[in-house]
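Engineer: Here you go, one structure.
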Amino acid sequence: MEFRTDKLLHGGDYNPEQWLKRPDILAKDLDMLEESGCNVVSLGIFSWSTLEPEEGVFHLEWLKEIIDKLYQRGISTILATPSGARPKWMADKYPEVLRVDETGHRNHFGFRHNHCYTSPVYREKVHTINKKLAQEVATHPGVILWHISNEYGGECYCPLCQDAFRKWLKKKYQTIENLNDRWCTTFWSHTYNSFNQIEAPSKIGETQLHALNLDWKRFVTHQTADFIHAEIAAVRDGGSDLPTTANLMHYFGSLDYFKIAKEIDVVSWDTYPTWHKEAVIDTAYDNGMCHDLMRSLKGKPFFQMESCPTSTNWQSVSKLKKPGMLFAQSMQAIAHGGEGALYFQIRQSRGASEKFHGAVIDHYGGNDTRVFKEVSKVGATLKELKELAGTTMDSPVAMIYDWDSQWAMEDSQGPRNKGLHYLENLLKYYRGFRKQGISVDLIDQTCDVEKYKILVLPMVYMFKEGFAEKVCTFVENGGTLITSYWSGIADDTDRCYLEGTPHGLMDVLGIRSTEIDGLYDWEENTFVPAEGNELGLDQTYTCKYLCDLVELRGAKSLMTYGKDFYAGYAALTVNEYGKGRAWYVAADADKDFFADFLKKVLEENQISCGVKGDIPDTLEITVRESKEARYYLYQNFGTEAVQIPVPEKEASWLYGSGEEKLEVYGLAVAKITK
Amino acid sequence: MEFRTDKLLHGGDYNPEQWLKRPDILAKDLDMLEESGCNVVSLGIFSWSTLEPEEGVFHLEWLKEIIDKLYQRGISTILATPSGARPKWMADKYPEVLRVDETGHRNHFGFRHNHCYTSPVYREKVHTINKKLAQEVATHPGVILWHISNEYGGECYCPLCQDAFRKWLKKKYQTIENLNDRWCTTFWSHTYNSFNQIEAPSKIGETQLHALNLDWKRFVTHQTADFIHAEIAAVRDGGSDLPTTANLMHYFGSLDYFKIAKEIDVVSWDTYPTWHKEAVIDTAYDNGMCHDLMRSLKGKPFFQMESCPTSTNWQSVSKLKKPGMLFAQSMQAIAHGGEGALYFQIRQSRGASEKFHGAVIDHYGGNDTRVFKEVSKVGATLKELKELAGTTMDSPVAMIYDWDSQWAMEDSQGPRNKGLHYLENLLKYYRGFRKQGISVDLIDQTCDVEKYKILVLPMVYMFKEGFAEKVCTFVENGGTLITSYWSGIADDTDRCYLEGTPHGLMDVLGIRSTEIDGLYDWEENTFVPAEGNELGLDQTYTCKYLCDLVELRGAKSLMTYGKDFYAGYAALTVNEYGKGRAWYVAADADKDFFADFLKKVLEENQISCGVKGDIPDTLEITVRESKEARYYLYQNFGTEAVQIPVPEKEASWLYGSGEEKLEVYGLAVAKITK
Amino acid sequence: MEFRTDKLLHGGDYNPEQWLKRPDILAKDLDMLEESGCNVVSLGIFSWSTLEPEEGVFHLEWLKEIIDKLYQRGISTILATPSGARPKWMADKYPEVLRVDETGHRNHFGFRHNHCYTSPVYREKVHTINKKLAQEVATHPGVILWHISNEYGGECYCPLCQDAFRKWLKKKYQTIENLNDRWCTTFWSHTYNSFNQIEAPSKIGETQLHALNLDWKRFVTHQTADFIHAEIAAVRDGGSDLPTTANLMHYFGSLDYFKIAKEIDVVSWDTYPTWHKEAVIDTAYDNGMCHDLMRSLKGKPFFQMESCPTSTNWQSVSKLKKPGMLFAQSMQAIAHGGEGALYFQIRQSRGASEKFHGAVIDHYGGNDTRVFKEVSKVGATLKELKELAGTTMDSPVAMIYDWDSQWAMEDSQGPRNKGLHYLENLLKYYRGFRKQGISVDLIDQTCDVEKYKILVLPMVYMFKEGFAEKVCTFVENGGTLITSYWSGIADDTDRCYLEGTPHGLMDVLGIRSTEIDGLYDWEENTFVPAEGNELGLDQTYTCKYLCDLVELRGAKSLMTYGKDFYAGYAALTVNEYGKGRAWYVAADADKDFFADFLKKVLEENQISCGVKGDIPDTLEITVRESKEARYYLYQNFGTEAVQIPVPEKEASWLYGSGEEKLEVYGLAVAKITK
């Protein structure tokens, strides 16, 4: 099912169930939503105890009435299923709905994510309420999308889950001999005689059988996806054929979002960057990369479901968004291919844990606040940019971000237990491309790679079956590959590859990785340019954390280490293979290295974003396209106004212009008609 | 019941039950107690297993005998009830007396504070032993005061306590609808259908319903007070009408001491400052403020029940008290209105966890130790100062220190979860007044405020019902109010006030607080003086942690922020209201600001301590009074001898003199006959 | 039983059970073992699930076959009992074999050390497999030694263990009154009425009764030793009379190795220094001291059972051993009296937690790796040094390293809970002696001291019964004693000594310790030389952490403190007693002090290692002897080649020579025929 909208979404989470005794406030909310240019709200996320105050007793009228009033003001509803938090009566009557921790103790009622995904009782209760909502509420024309539950996450170790895990393993491995072999259970005498003997990982049991840990994580994703599937089946049973979303969270460590995304129709996500903690441009790159991941999950437009209108209340320090920052963040969601910018939350709650979280309408309640005015400006701008809705992005570069590989790498006891700095390393590649205005997709190993010109494999520790072959073909056919240290080490049950690594790519790369050295936090080495190297690199860069020692097997060395017993060993190599070229970066070099190196690689591949002149350091340029037009979006994440490099082709200006300097946190949008 | 003494108390905790097999040592103790000028000891605190070695078998003779021998030497006894630690036989026979933690697991026997305050069995056992002690031991003329249990604290989550909590809630809220409304339970669907559904907060259940957390803390105080009440009822049942005390602990976070103090006749407390860790004057201010809190709890003289003759054994580093420090600390207890300085402990125990805690008599056992000599000097001096017993203190300034408000503020997820620095902020106000020799009372929101000239509300996050009105009246009648950021935010079930804050004081202050910015630890802003401001402030000060952004609604701005997007916004304001004036301090300025600002405010209010000339920075001056006389106590907490500013009125010298410089850690006492 | 070998051992842990499906790899292993000069492997350590895949079903053939193939290549086998990790079927059928934690919860299956040492079922299962191995496998002539279990450690708190603990206590104390008295249970009313009431220490019960904690630790050693005893009895039951070892671990905190060593025939240990983290010479001293401890445990040669051929995988950073480091570490094991240098592991496992631990053969599998070549060099060198096998070492100095004392000191709440820096202090003494080429034994209080010339007691907090007397006699007879602060404080149930400390040594030392000051991490004091002091000390040194204040009772003061109120107090004293002399070091002085001071003390005692000229700072010289010869081993742990001081007597060179400079990490061995 497709989710299509002819406007850019603006709005947020709205919790009128907290104010049912205050009709004056509910009425004022409608006025203020309209005034701020909101065109959508999410409803019902935490309403279960209001919707079903006692088992089987349903109160849906208030919700229908609010949806209707919103609709009359031109405001649509994203309707939530309420499974993210359940009523107390349910926990009391059916304790099995509560989670059990890894030591075997069942939680008390409380918090949010505290339910067993496997429990038949919980699934039944969710089915009933979801179906009811579909039958009686989602039929309203104001409802445009399902918001399935809220921020899925967490694990349960109850007997029902353990049993489901064993069944999942049996299906995957067929025989226990096969599982023993793949998991290397002879280590420490942990051989299983039957699937019935298997227990989930536990800090008071097994934590060192990494294949078990990894399969457990995969099972958690599987079971969560299965639960989502059941939630959606319930609304379909209720007759609703509206599209669905689930709000995802950043580079969330506990679920493989590539698998989760398959269950839903459109990706949305919740973004809470710590703006003003580091330089704004640094935060912007991190946030931008995550937008790109969300866009890549389904290879389709997504939207920002939650963000904070000003300071959050749960970070260590609740910093106000400075003037203009909210605008810049909202526009960045659009600039990276998003279809809207929504907030958590429309109105601040009076009590409980999120009462100090920023909101469109605060406890004071006036429309004369700084935040309300900034929200209104976002609303007005999104209306002006309406034609961007439905346009897409086209990336010449793909970078592998694979949950399985990351899980395996970070769980294993390896070259640097104190920290591999994986995301930090990824971001350095990302910045290198983005600084040139080049869009990057973040894909996993199962994705198609043929449509890209450059494929980046930073620390892809685990190679799934067939992946190395796919990469070889990509290079053979003329693609450019960039691989790094700590890649191709283990197979997909975390068994190390024998006979040399990076597994399957030694010929493509023309090297073999022989040893890897861990550096203490206070240590560093350098990348020294080889004289006359073909890229013309002429700076010395620092590197940290991990230094791979490679043996050259045909590759050329462009840079070498400057220190330690491996001074002079290759640090950057390139190899010709078929019609393509394959690079190997042996250590975690600094961001200047990646900026310089990737600029050269882009030039070599004749890839550019098509603007005149150099791009200032703190300016982000992205490009969205439709059949008819190409849009250049410019955002200034620096500390001073900057002159922007206009498109090479003739352009009109949809927002701002290319003449004056672009102010701090400002936006300009150029349009080139095809 | 009043506790009256015609001398200043000197002595400490004494544990002869550890030495019953060593009559030689017990005899030596008596000699050394006398030699060191001790006139009182606390007995029986941890004696239960000696007093009742088996259930119902009592051995009280040894205790009576020791009390008698002490009495013959002129040494009184403070008799403890032994409930602070119970015998093993009781835990074995009645497991219900042991505590249960928040996850539902019952403790094993051990440590000290490990009993359920609700358990009927425990209450019965305590009643029996307390009554027995009252009947058979407290009748001795040497006994002058009851020491009820020891350092009350801690929580129990057993079913009996959970049930008592539910009853307490039902009594407070009457209906579950009312509770749901006050607790804002619709948030995350946590609505209760009945009181029976309520569970105590738990890290494996609910922690984010702040009103629940707050009421649980209140219940813990309630139940502890009820337990104390029962303990005292038992000694009354035994026929004793001696006054009672309980030894309190610093700014103890878990019990509302204003409520606990109501149960007892005289406040005493245990003070263990980390002298010589920071500058001694800094530690002295902190310790002095706590003395003033203890004095304010009942608005009556108190005494120092425990302190360490030299180094403690449980702090991270056990630093010796340098020569003179013990004297200075003991005298400070008197200088702040105390009736005595006692120690933990008279004789070091040979084994278990406190064997290396400093004591009057150490393992070596001689009277030729440095510590014993210093103790003896304290004893001699307290005799010289005898006439101070029964004199009182009079404070023109009161500062709110309210447990409920602090609990709510520190539990909430708000503008700075990394730390609000509340006590640190309070101390800066305190120092500002104390530097001028002005006494400060620390009171809670229920206390009477009319008798004060200046009322300070630093970070009073929660306003209880009627409090704002009381403050308005205070200003209207001519009082000076000083309020700060993060005040008047929430009501007494932690529901945020709507329509503007500080709630109820916007008119008095002439401002509205609009937003609050959290600063990282490494950030700061400044307070810049407005030209020609009425206080003549002319310095720039730094501020940290939290910056409030106010809208002026009639107040004058005397200082403004120097940086960030709110540079130029008001940072210090004043407003005329009725016959009084109201100040607002918008951020956590440095201690120099408070020193300068409060000096001006005192001058404006014509409040002074009545000495000639300026007061040196490290000199503390306090004033005690009787009907006949006024006593100026001078203490030097600096690193050099200083000249002291003598009283404006003619004075005689009770101790030391005003002529020579006052030596480091020294004391001088001037007396003005009225 | 004696373990005798006519060669130096070289080899390591080998886990062929992981590769039974890969005969090609097993065959290659044999070739590579031979090529690298390995002459021994440890087999079967984690093989239980392969040896007994189902209860009572044994598969031993594969093991016998491998032992035989190894034997044919001249490679011996150290045969392990498999009790370090048990099969899953056992945990499922007999849950009692799994450990219970201090809160009373039983572990799940997993990890390694996870079995109850008391469980009759576990003991029976171990007996069966051990006996079987003895009967059917150990009979092969290739087997030379038993490797009893693996790295014993850990605790169990199950009812069976608790009961055994109570029985052990009853046997030790006879009556509960005696126990109460020794444990000082009157403190906090913890008196026991019977042994049945006693529970093990627990964080949810008792942790503050230090004598209980200490006896629990002793019981854990006792029960572990008893388990080892039972393991060995099983192999004897099986008819094997081969000698036994157990692999120990560094200064392992949980077992008293002096007691464990009594159960086995030869000590071996596993050493994993973090080379290249600090200066290599610092790590070398630490590792060297531990070798000397291992040698001292039985006063006999030992060997290095495990070490890593390159980087480990479980430290925070897995640093490669730089070229030559493996050689230097292996040779140091020999230089300190060891009979061999073995590795963990021969071949890297493919999966689970140690797959990235360094190995002789890595995943790549070639003999052309840097590591394999370095291992082969070690193999070749050990063959050249063959005649060192069976030679011994003779130490003029003994230093007390007593587990009981360390446990008591570190558990007690005392002068510095933030850290006593005990091992750091010990190492400073050790370096002072070792810098002069003097060998040091590390002994406990029960060892014989008469054979030494110098006896060092650094921070011997606890004096066992009779120890002080033994030390007095030692000095009286002409020995030199060096004692320090925090010595002789408590008896062997952690009861403080009364009437002055160091207990029993005040006459010998001519001082009494009066107070001890704890210093914060940022504080320090100094040792200032007294003019004309008899040792000619003329430098000022810093000291940290703890400063003892002593009263001179006949001793001479050679150095005094430079700061604080105890400036001028004695910091280093000496006293004549009988024919000997006794030194007292009052504080934790820096390593330069110990270097200078101990050099003088050695000169005074006319102790030298017998080389010409000064010993360079980073050169280690050790001496091994046989009846016929004396061997000087030189190792360079510095960063530059150094000239070595050759022996005073005429020598031949077994390895290297005295002529050229000794290269970094290099070895030279001189031989003097007697």
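Numbering starts fresh at 1 for the residues of each chain in the structure tokens, the chains themselves are lettered A, B, ... in the order given, and ligands are numbered from 1 as they appear.
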Among the residues of stretch 478-654 of chain B, find those DSSP assigns to helix (DSSP H, G or I) from the backbone and print them as a ChimeraX atom specification.
Structural biologist: /B:506-509,591-604
Engineer: Using DSSP on the backbone coordinates, identify all residues within stretch 339-508 of chain B classified as strand (DSSP E); present the result as a PyMOL selection string.
Structural biologist: chain B and resi 339-343+397-400+440-443+454-457+480-484
Engineer: Since we have the selection now, will you write its residues out, keeping N, CA and C atoms, as an mmCIF file, in the first residue's frame?
Structural biologist:
```cif
data_model
loop_
_atom_site.group_PDB
_atom_site.id
_atom_site.type_symbol
_atom_site.label_atom_id
_atom_site.label_comp_id
_atom_site.auth_asym_id
_atom_site.auth_seq_id
_atom_site.Cartn_x
_atom_site.Cartn_y
_atom_site.Cartn_z
ATOM 1 N N GLU B 339 23.453 22.929 72.295
ATOM 2 C CA GLU B 339 23.600 22.772 73.744
ATOM 3 C C GLU B 339 24.685 21.769 74.098
ATOM 4 N N GLY B 340 25.446 21.331 73.101
ATOM 5 C CA GLY B 340 26.493 20.396 73.448
ATOM 6 C C GLY B 340 27.144 19.801 72.229
ATOM 7 N N ALA B 341 28.318 19.212 72.471
ATOM 8 C CA ALA B 341 29.087 18.595 71.391
ATOM 9 C C ALA B 341 29.484 17.202 71.841
ATOM 10 N N LEU B 342 28.840 16.191 71.229
ATOM 11 C CA LEU B 342 29.132 14.807 71.587
ATOM 12 C C LEU B 342 29.831 14.106 70.431
ATOM 13 N N TYR B 343 30.415 12.969 70.731
ATOM 14 C CA TYR B 343 31.185 12.245 69.725
ATOM 15 C C TYR B 343 30.628 10.867 69.476
ATOM 16 N N VAL B 397 16.413 36.647 58.966
ATOM 17 C CA VAL B 397 16.264 36.080 57.620
ATOM 18 C C VAL B 397 15.787 34.637 57.713
ATOM 19 N N ALA B 398 14.870 34.295 56.839
ATOM 20 C CA ALA B 398 14.475 32.884 56.725
ATOM 21 C C ALA B 398 14.620 32.450 55.270
ATOM 22 N N MET B 399 15.075 31.218 55.095
ATOM 23 C CA MET B 399 15.237 30.667 53.747
ATOM 24 C C MET B 399 14.456 29.359 53.714
ATOM 25 N N ILE B 400 13.726 29.153 52.621
ATOM 26 C CA ILE B 400 12.916 27.940 52.517
ATOM 27 C C ILE B 400 13.797 26.750 52.139
ATOM 28 N N VAL B 440 20.495 33.004 59.931
ATOM 29 C CA VAL B 440 19.462 32.583 58.981
ATOM 30 C C VAL B 440 18.731 31.364 59.536
ATOM 31 N N ASP B 441 17.412 31.379 59.494
ATOM 32 C CA ASP B 441 16.641 30.176 59.800
ATOM 33 C C ASP B 441 16.336 29.453 58.494
ATOM 34 N N LEU B 442 16.337 28.122 58.536
ATOM 35 C CA LEU B 442 15.917 27.337 57.364
ATOM 36 C C LEU B 442 14.574 26.718 57.690
ATOM 37 N N ILE B 443 13.554 27.128 56.979
ATOM 38 C CA ILE B 443 12.193 26.715 57.318
ATOM 39 C C ILE B 443 11.515 26.073 56.105
ATOM 40 N N ILE B 454 13.402 39.292 55.981
ATOM 41 C CA ILE B 454 13.745 38.874 54.623
ATOM 42 C C ILE B 454 13.383 37.395 54.468
ATOM 43 N N LEU B 455 12.735 37.102 53.384
ATOM 44 C CA LEU B 455 12.337 35.720 53.113
ATOM 45 C C LEU B 455 12.939 35.315 51.772
ATOM 46 N N VAL B 456 13.675 34.204 51.774
ATOM 47 C CA VAL B 456 14.386 33.779 50.562
ATOM 48 C C VAL B 456 13.802 32.466 50.045
ATOM 49 N N LEU B 457 13.496 32.443 48.771
ATOM 50 C CA LEU B 457 12.916 31.247 48.129
ATOM 51 C C LEU B 457 13.817 30.798 46.980
ATOM 52 N N THR B 480 10.768 41.769 52.681
ATOM 53 C CA THR B 480 11.582 41.694 51.465
ATOM 54 C C THR B 480 11.649 40.246 51.024
ATOM 55 N N LEU B 481 11.275 40.039 49.774
ATOM 56 C CA LEU B 481 11.260 38.690 49.224
ATOM 57 C C LEU B 481 12.376 38.538 48.192
ATOM 58 N N ILE B 482 13.068 37.391 48.249
ATOM 59 C CA ILE B 482 14.043 37.077 47.192
ATOM 60 C C ILE B 482 13.670 35.711 46.624
ATOM 61 N N THR B 483 13.305 35.699 45.368
ATOM 62 C CA THR B 483 12.909 34.440 44.702
ATOM 63 C C THR B 483 13.897 34.157 43.573
ATOM 64 N N SER B 484 13.903 32.925 43.097
ATOM 65 C CA SER B 484 14.810 32.595 41.991
ATOM 66 C C SER B 484 14.112 31.789 40.911
#
```
Engineer: Given the choices C:His113, C:Arg495, C:Arg581, C:Lys435, which gets closest to chain B if the distance is worked out from only C-alpha atoms?
Structural biologist: C:Arg495
Engineer: Env of C:Ala352: 12 Å cut, atoms = only C-alpha atoms, seq-sep filter 6 positions within chain, self excluded. Answer as a CSV table (one decimal) with N, CA and C atoms, in the first residue's frame.
Structural biologist:
```csv
chain,number,residue,atom,x,y,z
A,180,ASN,N,25.1,-26.7,16.3
A,180,ASN,CA,26.4,-26.8,17.1
A,180,ASN,C,27.6,-26.4,16.2
A,181,ASP,N,27.5,-26.9,15.0
A,181,ASP,CA,28.6,-26.6,14.0
A,181,ASP,C,28.7,-25.1,13.7
A,182,ARG,N,27.6,-24.5,13.4
A,182,ARG,CA,27.5,-23.1,13.1
A,182,ARG,C,27.9,-22.2,14.3
A,183,TRP,N,27.5,-22.6,15.5
A,183,TRP,CA,27.7,-21.8,16.7
A,183,TRP,C,29.0,-22.1,17.3
A,184,CYS,N,29.7,-23.1,16.8
A,184,CYS,CA,31.0,-23.5,17.5
A,184,CYS,C,30.9,-23.8,18.9
A,185,THR,N,29.9,-24.6,19.3
A,185,THR,CA,29.6,-24.9,20.7
A,185,THR,C,30.6,-25.8,21.4
A,186,THR,N,31.5,-26.4,20.6
A,186,THR,CA,32.5,-27.2,21.4
A,186,THR,C,33.4,-26.3,22.3
A,187,PHE,N,33.5,-25.0,21.9
A,187,PHE,CA,34.2,-24.1,22.7
A,187,PHE,C,33.6,-24.1,24.1
A,188,TRP,N,34.4,-24.3,25.1
A,188,TRP,CA,33.9,-24.3,26.5
A,188,TRP,C,32.8,-25.4,26.7
A,189,SER,N,32.8,-26.4,25.9
A,189,SER,CA,32.0,-27.6,26.1
A,189,SER,C,30.5,-27.3,26.2
A,190,HIS,N,30.1,-26.3,25.3
A,190,HIS,CA,28.7,-25.9,25.3
A,190,HIS,C,27.8,-26.6,24.3
A,191,THR,N,28.2,-27.7,23.8
A,191,THR,CA,27.4,-28.5,22.8
A,191,THR,C,26.0,-28.8,23.3
A,206,GLU,N,24.6,-17.7,29.9
A,206,GLU,CA,25.5,-17.6,28.8
A,206,GLU,C,25.6,-16.2,28.1
A,207,THR,N,26.7,-15.7,28.0
A,207,THR,CA,26.9,-14.4,27.3
A,207,THR,C,28.0,-14.5,26.3
A,208,GLN,N,28.8,-15.6,26.3
A,208,GLN,CA,30.0,-15.6,25.5
A,208,GLN,C,29.9,-16.5,24.3
A,209,LEU,N,28.7,-17.0,24.0
A,209,LEU,CA,28.5,-17.7,22.8
A,209,LEU,C,27.9,-16.7,21.8
A,210,HIS,N,28.8,-16.1,21.1
A,210,HIS,CA,28.3,-14.9,20.3
A,210,HIS,C,27.3,-15.2,19.2
A,211,ALA,N,27.3,-16.4,18.7
A,211,ALA,CA,26.3,-16.8,17.7
A,211,ALA,C,25.0,-16.9,18.3
A,212,LEU,N,24.9,-17.4,19.6
A,212,LEU,CA,23.7,-17.4,20.3
A,212,LEU,C,23.2,-16.0,20.5
A,213,ASN,N,24.0,-15.1,21.0
A,213,ASN,CA,23.6,-13.7,21.2
A,213,ASN,C,23.1,-13.1,19.9
A,214,LEU,N,23.8,-13.4,18.8
A,214,LEU,CA,23.4,-12.8,17.5
A,214,LEU,C,22.0,-13.3,17.1
A,408,ALA,N,27.3,-8.2,15.6
A,408,ALA,CA,28.3,-9.2,15.7
A,408,ALA,C,29.6,-8.6,16.2
A,411,ASP,N,29.5,-7.1,19.7
A,411,ASP,CA,29.3,-8.2,20.8
A,411,ASP,C,30.6,-9.0,20.9
A,412,SER,N,31.4,-9.1,19.8
A,412,SER,CA,32.5,-10.0,19.9
A,412,SER,C,33.6,-9.3,20.8
A,413,GLN,N,34.4,-10.2,21.4
A,413,GLN,CA,35.6,-9.7,22.1
A,413,GLN,C,36.7,-9.7,21.1
A,414,GLY,N,37.1,-8.5,20.7
A,414,GLY,CA,38.0,-8.4,19.7
A,414,GLY,C,39.1,-7.4,19.9
A,490,ALA,N,34.1,-12.5,9.6
A,490,ALA,CA,33.3,-13.6,10.0
A,490,ALA,C,32.1,-13.9,9.1
A,493,THR,N,27.1,-16.6,11.1
A,493,THR,CA,27.0,-17.0,12.5
A,493,THR,C,28.2,-16.7,13.3
A,494,ASP,N,28.9,-15.7,12.8
A,494,ASP,CA,30.1,-15.2,13.6
A,494,ASP,C,31.2,-16.2,13.7
A,495,ARG,N,31.3,-17.1,12.7
A,495,ARG,CA,32.5,-18.0,12.6
A,495,ARG,C,33.5,-17.3,11.8
A,496,CYS,N,34.7,-17.3,12.3
A,496,CYS,CA,35.8,-16.6,11.5
A,496,CYS,C,36.1,-17.3,10.2
C,18,GLN,N,37.6,-29.0,18.7
C,18,GLN,CA,36.9,-28.1,17.8
C,18,GLN,C,37.1,-28.4,16.3
C,111,PHE,N,28.9,-19.8,30.5
C,111,PHE,CA,30.2,-19.4,30.9
C,111,PHE,C,31.1,-20.6,31.3
C,313,ASN,N,42.4,-11.0,23.5
C,313,ASN,CA,41.1,-10.4,23.0
C,313,ASN,C,40.2,-9.9,24.0
```
Engineer: Need the shell around stretch 644-657 of chain B: protein/DNA/RNA residues with any atom at most 7 Å away, counting only C-alpha atoms. Skip same-chain ones fewer than 5 positions apart. Format as number ranges by chain?
Structural biologist: B: 610-615, 662, 667-672
Engineer: Could you take the residues named above and write them with C-alpha atoms, as a PDB file, in the first residue's frame?
Structural biologist:
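For reference, result20.pdb as written:
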```pdb
ATOM      1  CA  GLY B 610      26.341  45.165  65.463  1.00  0.00           C
ATOM      2  CA  VAL B 611      30.114  44.983  65.295  1.00  0.00           C
ATOM      3  CA  LYS B 612      32.607  47.706  64.518  1.00  0.00           C
ATOM      4  CA  GLY B 613      34.145  47.613  61.041  1.00  0.00           C
ATOM      5  CA  ASP B 614      34.313  44.990  58.340  1.00  0.00           C
ATOM      6  CA  ILE B 615      34.208  41.297  59.048  1.00  0.00           C
ATOM      7  CA  LEU B 662      42.316  35.375  66.974  1.00  0.00           C
ATOM      8  CA  LEU B 667      37.348  31.073  69.627  1.00  0.00           C
ATOM      9  CA  ALA B 668      36.523  34.346  71.347  1.00  0.00           C
ATOM     10  CA  VAL B 669      33.272  35.112  73.160  1.00  0.00           C
ATOM     11  CA  ALA B 670      32.163  38.636  74.054  1.00  0.00           C
ATOM     12  CA  LYS B 671      29.298  39.306  76.418  1.00  0.00           C
ATOM     13  CA  ILE B 672      27.064  42.360  76.445  1.00  0.00           C
TER      14      ILE B 672
END
```
Engineer: Excluding same-chain residues fewer than 4 positions from C:Pro502, what lies within 10 Å of it counting only C-alpha atoms, as a list of chain:residue names?
Structural biologist: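 So, after excluding close chain neighbours, the residues are C:Val460, C:Tyr461, C:Met462, C:Phe463, C:Ala468, C:Thr483, C:Ser484, C:Tyr485, C:Trp486, C:Ser487, C:Gly488, C:Ile489, C:Ala490, C:Tyr497, C:Met506, C:Asp507, C:Val508, C:Leu509, C:Ile511, C:Arg512, C:Ser513, C:Thr514.
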Engineer: Nearest to chain B among C:Cys116, C:Leu537, C:Leu248, C:Leu546, with distances taken over only C-alpha atoms: which residue is it?
Structural biologist: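 Ranked by minimum distance to chain B, first place goes to C:Leu546.
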Engineer: Which of these, C:Gly365, C:Gly11, C:Pro396, C:Pro141, has the shortest distance to C:Ser36 once you count only C-alpha atoms?
Structural biologist: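 Selected residue with least distance to C:Ser36: C:Gly11.
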Engineer: Tell me which protein, DNA and RNA residues are within 10 Å of stretch 251-256 of chain A, counting only C-alpha atoms, leaving out same-chain ones fewer than 4 positions away, and put them as a compact mmCIF listing (two decimals) with C-alpha atoms, in the first residue's frame.
Structural biologist:
```txt
# COMPACT_ATOMS: atom_id res chain seq x y z
CA GLU A 151 8.75 3.24 19.23
CA TYR A 152 8.97 -0.54 19.19
CA GLY A 153 11.83 -1.89 21.26
CA GLY A 154 12.90 -4.12 24.10
CA GLU A 155 12.99 -7.81 24.82
CA LYS A 217 18.93 -10.41 18.52
CA ARG A 218 17.67 -11.60 15.16
CA PHE A 219 14.86 -13.44 16.89
CA VAL A 220 13.89 -10.28 18.77
CA THR A 221 13.59 -8.48 15.43
CA HIS A 222 11.69 -11.42 13.98
CA THR A 224 8.74 -7.83 16.88
CA ALA A 225 8.09 -7.86 13.14
CA ILE A 260 10.98 -3.94 10.38
CA ALA A 261 10.50 -1.58 7.44
CA MET A 289 22.93 10.59 7.80
CA CYS A 290 20.08 9.19 9.84
CA LEU A 293 19.19 5.79 6.44
CA MET A 294 15.44 6.18 6.95
CA TYR A 401 25.06 -0.12 7.37
CA ASP A 402 24.16 -3.63 8.37
CA TRP A 403 22.59 -4.42 11.73
CA ASP A 404 23.75 -8.04 11.82
CA GLN A 406 27.27 -4.25 13.71
CA TRP A 407 25.74 -6.53 16.33
CA LEU A 423 29.38 5.04 13.77
CA ASP A 444 22.38 -3.45 4.11
```
